[in-house]
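Asker: This structure is in structure tokens; I'll ask about it shortly.
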Amino acid sequence: MKSFLLNARERAFPASWAGKKMLRFVAIFLTVLAFASLLWPGSRHSRVAILANTNVTIADTVKCNPGIDLLRRLEVVKLAAYTRREIVVDFSPDPLPIRQHVDQPLWAEERGTTENKQPTELEDSRDGCSIPTPMAVQVVKPPKPVDASHIDFGVATTAERLSESLDQFVHWAGYTRTRIFALIEPDDQGAEGIRAVKAKAEDLGINLYVTVSEDDYLHRYFALVPLLEENRRESTQWACIIDDDTFFLSMHALVEALKGYDHTKPMYIGGLSEGLPQIANFGMIAFGGAGVFLSQPMLTQVAAVYEDCERMTYTGDRRIGNCIYEYTTARLTVDHRLRQLDLMEDASGFFEAGREPPLSVHHWKSWFKADMPKLGVVSELCGDTCLLRQWRFSDGWILTNGFSVIRYGFKTDPGDISMEMTWDAHNGANMEGYLHELGPLRPKDEGKHSYLLVDAELEPNGRVTQWYIMRDSWHGDQVLELSWRKR
């Protein structure tokens, strides 16, 4: 029997079978290896270098050493291209359009370039990565520091989230003399945690007042109304209730906008949701993430009926709206520059539309990702008026300052005012469901090339450096470093 089994196995698996299988495996492996080398970005014969003691790989078309610490900070593990460019800022005393044309290419000329090819091998560079010719752009001369002592803000949050939020609040509240009143829930840190967050606020030039409340979030949110009323000063004109991720791009722009409203009358001001289904669900109210503004007379009227409205079952911002509607004759005044941004996943079309910048934005670290504090860093050099300003270069690339560098997949008319609908529909909304706030709209451009802002920092010499990255986990990331300086 044993002999029979051996002979059967030999007949089923001849001696040459294992050798042939090994040869096929080696051939397949070499084919895959060759194919992968062809797919690596850059020239078809490019190689990669693996940095010592790291998992970072760099294509040999990258002719400079960006530094492993920087690449780690930018979360780049496979680098396909790195380009540095200097931007020189000229300030104009006169108004400028939000969209400007620059008669100069963003990228240097490439060997064998085609219209749709990505810039990787740059000529005329000092270190292999830098484009030596500075690029000049014009921005509006920044206004003088603003006094916002007539505006009080209220926020319901936790001590931990409040501490994190101070890093974004400083952009608009730091050294403006405005006040922020926070209602926080108790936590393990206790008084020590409150002292720490108040010390941080003081270092950032933020006037912060913290109160601990046992109420749940929805009750704490509405309790901001009597808290703001109790702490109003004779000079107080406006109270604003915000979420801890509400971001104002410019306190100067906000102060100027509020001048257009009569603070001596009962005023209820805010922004609607961008999606009609959201409005159908929650009503014609000031959506809280965009900021709910109450004039001083309006605040006093709502505070007077606080106990009655506290018994309502509505949620926070909805409770404020329905309280006003049930107990006063005031109605919502919609300011379309206050943005709830109920946009899912990809809001790039909103920021790249080349329209007047919003006063406020919301959901930027939850529904979609857009690092607003990093966006605001460049304002340290050129002022808030240069945020989201656009420059279209002669090679078709468009810089939306602080957000992205893009080239559309088709030629666009510089005068086109439509907004690209990049976000996912929410609650059954279609394109028509967003027209009331964002129209005119156009479909998403699937052929668009996008470098998105990943980091920015203010240098000790007063320059600002931004890093925009086109992510590609397969071919490798392409990094554009923009260094800003005043002329």
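If you're wondering about the labels, chains in the structure tokens are A, B, ... by order shown, residues count from 1 in each chain, ligands from 1 in order shown.
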Name the residues of segment 123-313 of chain A that come out as alpha helix (DSSP H) in a backbone DSSP run; write them as number ranges by chain.
Answerer: A: 159-173, 190-203, 217-230, 251-258, 276-282, 296-304, 306-310
Asker: Run DSSP on the backbone of this structure and report the residues of segment 386-459 of chain A it assigns to strand (DSSP E or B), as an MDAnalysis selection string.
Answerer: chainID A and resid 390:393 398:400 404:407 419:420 424 441:442 449:458
Asker: Would you kindly return, as a PyMOL selection string, each protein, DNA or RNA residue with an atom no farther than 6 Å from any atom of segment 390-394 of chain A, considering only C-alpha atoms and excluding same-chain residues fewer than 4 positions away?
Answerer: chain A and resi 99-106+398-400
Asker: Write a file of the selected residues as a short mmCIF file (atom, residue, chain, number, x, y, z; two decimals), in the first residue's frame, keeping N, CA, C and O atoms.
Answerer:
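Generated output (selection32.cif):
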data_model
loop_
_atom_site.label_atom_id
_atom_site.label_comp_id
_atom_site.auth_asym_id
_atom_site.auth_seq_id
_atom_site.Cartn_x
_atom_site.Cartn_y
_atom_site.Cartn_z
N ARG A 99 -10.34 88.11 -7.30
CA ARG A 99 -9.62 87.32 -8.29
C ARG A 99 -8.69 88.22 -9.08
O ARG A 99 -9.11 89.24 -9.61
N GLN A 100 -7.42 87.83 -9.17
CA GLN A 100 -6.47 88.60 -9.95
C GLN A 100 -5.71 87.68 -10.89
O GLN A 100 -5.54 86.49 -10.61
N HIS A 101 -5.22 88.25 -11.98
CA HIS A 101 -4.41 87.49 -12.93
C HIS A 101 -2.94 87.87 -12.74
O HIS A 101 -2.61 89.04 -12.55
N VAL A 102 -2.09 86.87 -12.78
CA VAL A 102 -0.64 87.08 -12.70
C VAL A 102 -0.05 86.64 -14.03
O VAL A 102 -0.19 85.47 -14.43
N ASP A 103 0.63 87.56 -14.72
CA ASP A 103 1.19 87.27 -16.04
C ASP A 103 2.54 86.56 -15.88
O ASP A 103 3.58 87.05 -16.33
N GLN A 104 2.49 85.41 -15.23
CA GLN A 104 3.69 84.65 -14.94
C GLN A 104 3.25 83.24 -14.57
O GLN A 104 2.24 83.06 -13.89
N PRO A 105 3.97 82.21 -15.01
CA PRO A 105 3.57 80.85 -14.63
C PRO A 105 3.90 80.56 -13.17
O PRO A 105 4.88 81.09 -12.63
N LEU A 106 3.08 79.74 -12.53
CA LEU A 106 3.39 79.32 -11.17
C LEU A 106 4.58 78.38 -11.17
O LEU A 106 5.45 78.44 -10.31
N ILE A 398 -4.21 78.02 -10.13
CA ILE A 398 -4.89 79.04 -9.32
C ILE A 398 -4.52 78.83 -7.86
O ILE A 398 -4.70 77.73 -7.32
N LEU A 399 -4.02 79.87 -7.24
CA LEU A 399 -3.74 79.85 -5.81
C LEU A 399 -4.90 80.51 -5.08
O LEU A 399 -5.21 81.68 -5.32
N THR A 400 -5.56 79.76 -4.20
CA THR A 400 -6.53 80.32 -3.26
C THR A 400 -5.81 80.40 -1.93
O THR A 400 -5.59 79.38 -1.28
#
Asker: Please provide as a ChimeraX atom specification all residues within 10 Å of Gly376 of chain A, with the sequence filter that same-chain residues fewer than 2 positions apart are discarded (counting only C-alpha atoms).
Answerer: /A:168,171-172,248-250,371-374,378-380,383-384,386-388,401-403,456-457
Asker: Which residues are close to Leu294 of chain A, i.e. within 9 Å by only C-alpha atoms, leaving aside same-chain residues fewer than 4 positions away? Reply as an mmCIF file with C-alpha atoms, in the first residue's frame.
Answerer:
data_model
loop_
_atom_site.group_PDB
_atom_site.id
_atom_site.type_symbol
_atom_site.label_atom_id
_atom_site.label_comp_id
_atom_site.auth_asym_id
_atom_site.auth_seq_id
_atom_site.Cartn_x
_atom_site.Cartn_y
_atom_site.Cartn_z
ATOM 1 C CA GLN A 237 -24.001 96.392 21.391
ATOM 2 C CA TRP A 238 -24.004 92.742 20.315
ATOM 3 C CA ALA A 239 -24.021 89.298 21.904
ATOM 4 C CA CYS A 240 -23.044 86.328 19.775
ATOM 5 C CA ILE A 241 -23.498 82.648 20.647
ATOM 6 C CA HIS A 263 -27.960 97.619 17.317
ATOM 7 C CA PRO A 266 -34.231 94.122 18.541
ATOM 8 C CA MET A 267 -32.132 92.317 15.914
ATOM 9 C CA TYR A 268 -31.777 88.563 15.426
ATOM 10 C CA ILE A 269 -29.035 87.905 12.842
ATOM 11 C CA GLY A 270 -27.539 84.679 11.533
ATOM 12 C CA MET A 298 -33.001 91.526 21.607
ATOM 13 C CA LEU A 299 -30.806 89.870 24.230
#
Asker: Residues at most 7 Å from Tyr221 of chain A, counting only C-alpha atoms, excluding those fewer than 3 positions away in the same chain, as a PyMOL selection string?
Answerer: chain A and resi 156+217-218+224+316
Asker: For segment 130-143 of chain A, find every residue with an atom within 8 Å (counting only C-alpha atoms), except residues of its own chain fewer than 4 positions away, and show them as a short mmCIF file (atom, residue, chain, number, x, y, z; two decimals) with N, CA and C atoms, in the first residue's frame.
Answerer:
data_model
loop_
_atom_site.label_atom_id
_atom_site.label_comp_id
_atom_site.auth_asym_id
_atom_site.auth_seq_id
_atom_site.Cartn_x
_atom_site.Cartn_y
_atom_site.Cartn_z
N THR A 83 8.84 71.32 -4.55
CA THR A 83 9.08 72.59 -5.23
C THR A 83 8.97 73.74 -4.24
N ARG A 84 9.96 74.65 -4.28
CA ARG A 84 9.92 75.85 -3.45
C ARG A 84 9.74 77.07 -4.35
N ARG A 85 8.91 78.01 -3.86
CA ARG A 85 8.67 79.24 -4.62
C ARG A 85 8.51 80.40 -3.65
N GLU A 86 9.11 81.54 -3.96
CA GLU A 86 9.01 82.73 -3.11
C GLU A 86 7.96 83.68 -3.68
N ILE A 87 7.13 84.21 -2.79
CA ILE A 87 6.11 85.18 -3.18
C ILE A 87 6.38 86.49 -2.46
N VAL A 88 6.45 87.57 -3.23
CA VAL A 88 6.69 88.91 -2.68
C VAL A 88 5.38 89.68 -2.71
N VAL A 89 5.01 90.25 -1.57
CA VAL A 89 3.73 90.93 -1.42
C VAL A 89 3.89 92.43 -1.59
N ASP A 90 3.11 93.00 -2.50
CA ASP A 90 3.00 94.45 -2.65
C ASP A 90 1.63 94.87 -2.11
N PHE A 91 1.62 95.88 -1.24
CA PHE A 91 0.35 96.35 -0.66
C PHE A 91 -0.21 97.50 -1.48
N SER A 92 -1.52 97.42 -1.71
CA SER A 92 -2.22 98.45 -2.48
C SER A 92 -3.15 99.23 -1.55
N PRO A 93 -3.13 100.56 -1.62
CA PRO A 93 -4.07 101.35 -0.82
C PRO A 93 -5.48 101.34 -1.40
N ASP A 94 -5.62 100.86 -2.62
CA ASP A 94 -6.91 100.85 -3.30
C ASP A 94 -7.54 99.45 -3.24
N PRO A 95 -8.85 99.37 -3.37
CA PRO A 95 -9.52 98.06 -3.39
C PRO A 95 -9.03 97.23 -4.56
N LEU A 96 -9.02 95.92 -4.38
CA LEU A 96 -8.61 94.99 -5.43
C LEU A 96 -9.67 93.91 -5.58
N VAL A 102 -2.09 86.87 -12.78
CA VAL A 102 -0.64 87.08 -12.70
C VAL A 102 -0.05 86.64 -14.03
N GLN A 104 2.49 85.41 -15.23
CA GLN A 104 3.69 84.65 -14.94
C GLN A 104 3.25 83.24 -14.57
N TRP A 107 4.63 77.47 -12.17
CA TRP A 107 5.69 76.48 -12.25
C TRP A 107 6.70 76.89 -13.31
N ALA A 108 7.97 76.55 -13.11
CA ALA A 108 8.98 76.79 -14.13
C ALA A 108 8.74 75.87 -15.30
N LEU A 122 12.09 70.48 -12.53
CA LEU A 122 12.11 71.92 -12.75
C LEU A 122 13.50 72.37 -13.19
N GLU A 123 13.54 73.22 -14.21
CA GLU A 123 14.80 73.77 -14.66
C GLU A 123 15.11 75.05 -13.90
N ASP A 124 16.35 75.53 -14.07
CA ASP A 124 16.78 76.81 -13.51
C ASP A 124 16.49 76.90 -12.02
N SER A 125 16.92 75.95 -11.24
CA SER A 125 16.68 75.98 -9.81
C SER A 125 18.00 76.01 -9.06
N ARG A 126 18.03 76.69 -7.92
CA ARG A 126 19.26 76.87 -7.16
C ARG A 126 19.68 75.59 -6.47
N HIS A 252 -12.04 92.42 11.89
CA HIS A 252 -12.29 93.71 11.27
C HIS A 252 -13.48 93.63 10.32
N CYS A 382 0.26 89.43 5.60
CA CYS A 382 -0.44 90.27 4.64
C CYS A 382 -1.82 90.70 5.10
N GLY A 383 -2.20 90.37 6.34
CA GLY A 383 -3.49 90.82 6.86
C GLY A 383 -4.63 89.90 6.49
N ASP A 384 -5.75 90.05 7.21
CA ASP A 384 -6.93 89.20 6.95
C ASP A 384 -7.48 89.38 5.55
N THR A 385 -7.23 90.54 4.94
CA THR A 385 -7.80 90.81 3.61
C THR A 385 -7.18 89.94 2.53
N CYS A 386 -6.07 89.25 2.82
CA CYS A 386 -5.48 88.40 1.77
C CYS A 386 -5.90 86.95 1.91
N TRP A 391 -5.21 84.12 -7.08
CA TRP A 391 -4.36 84.54 -8.19
C TRP A 391 -4.32 83.43 -9.23
#
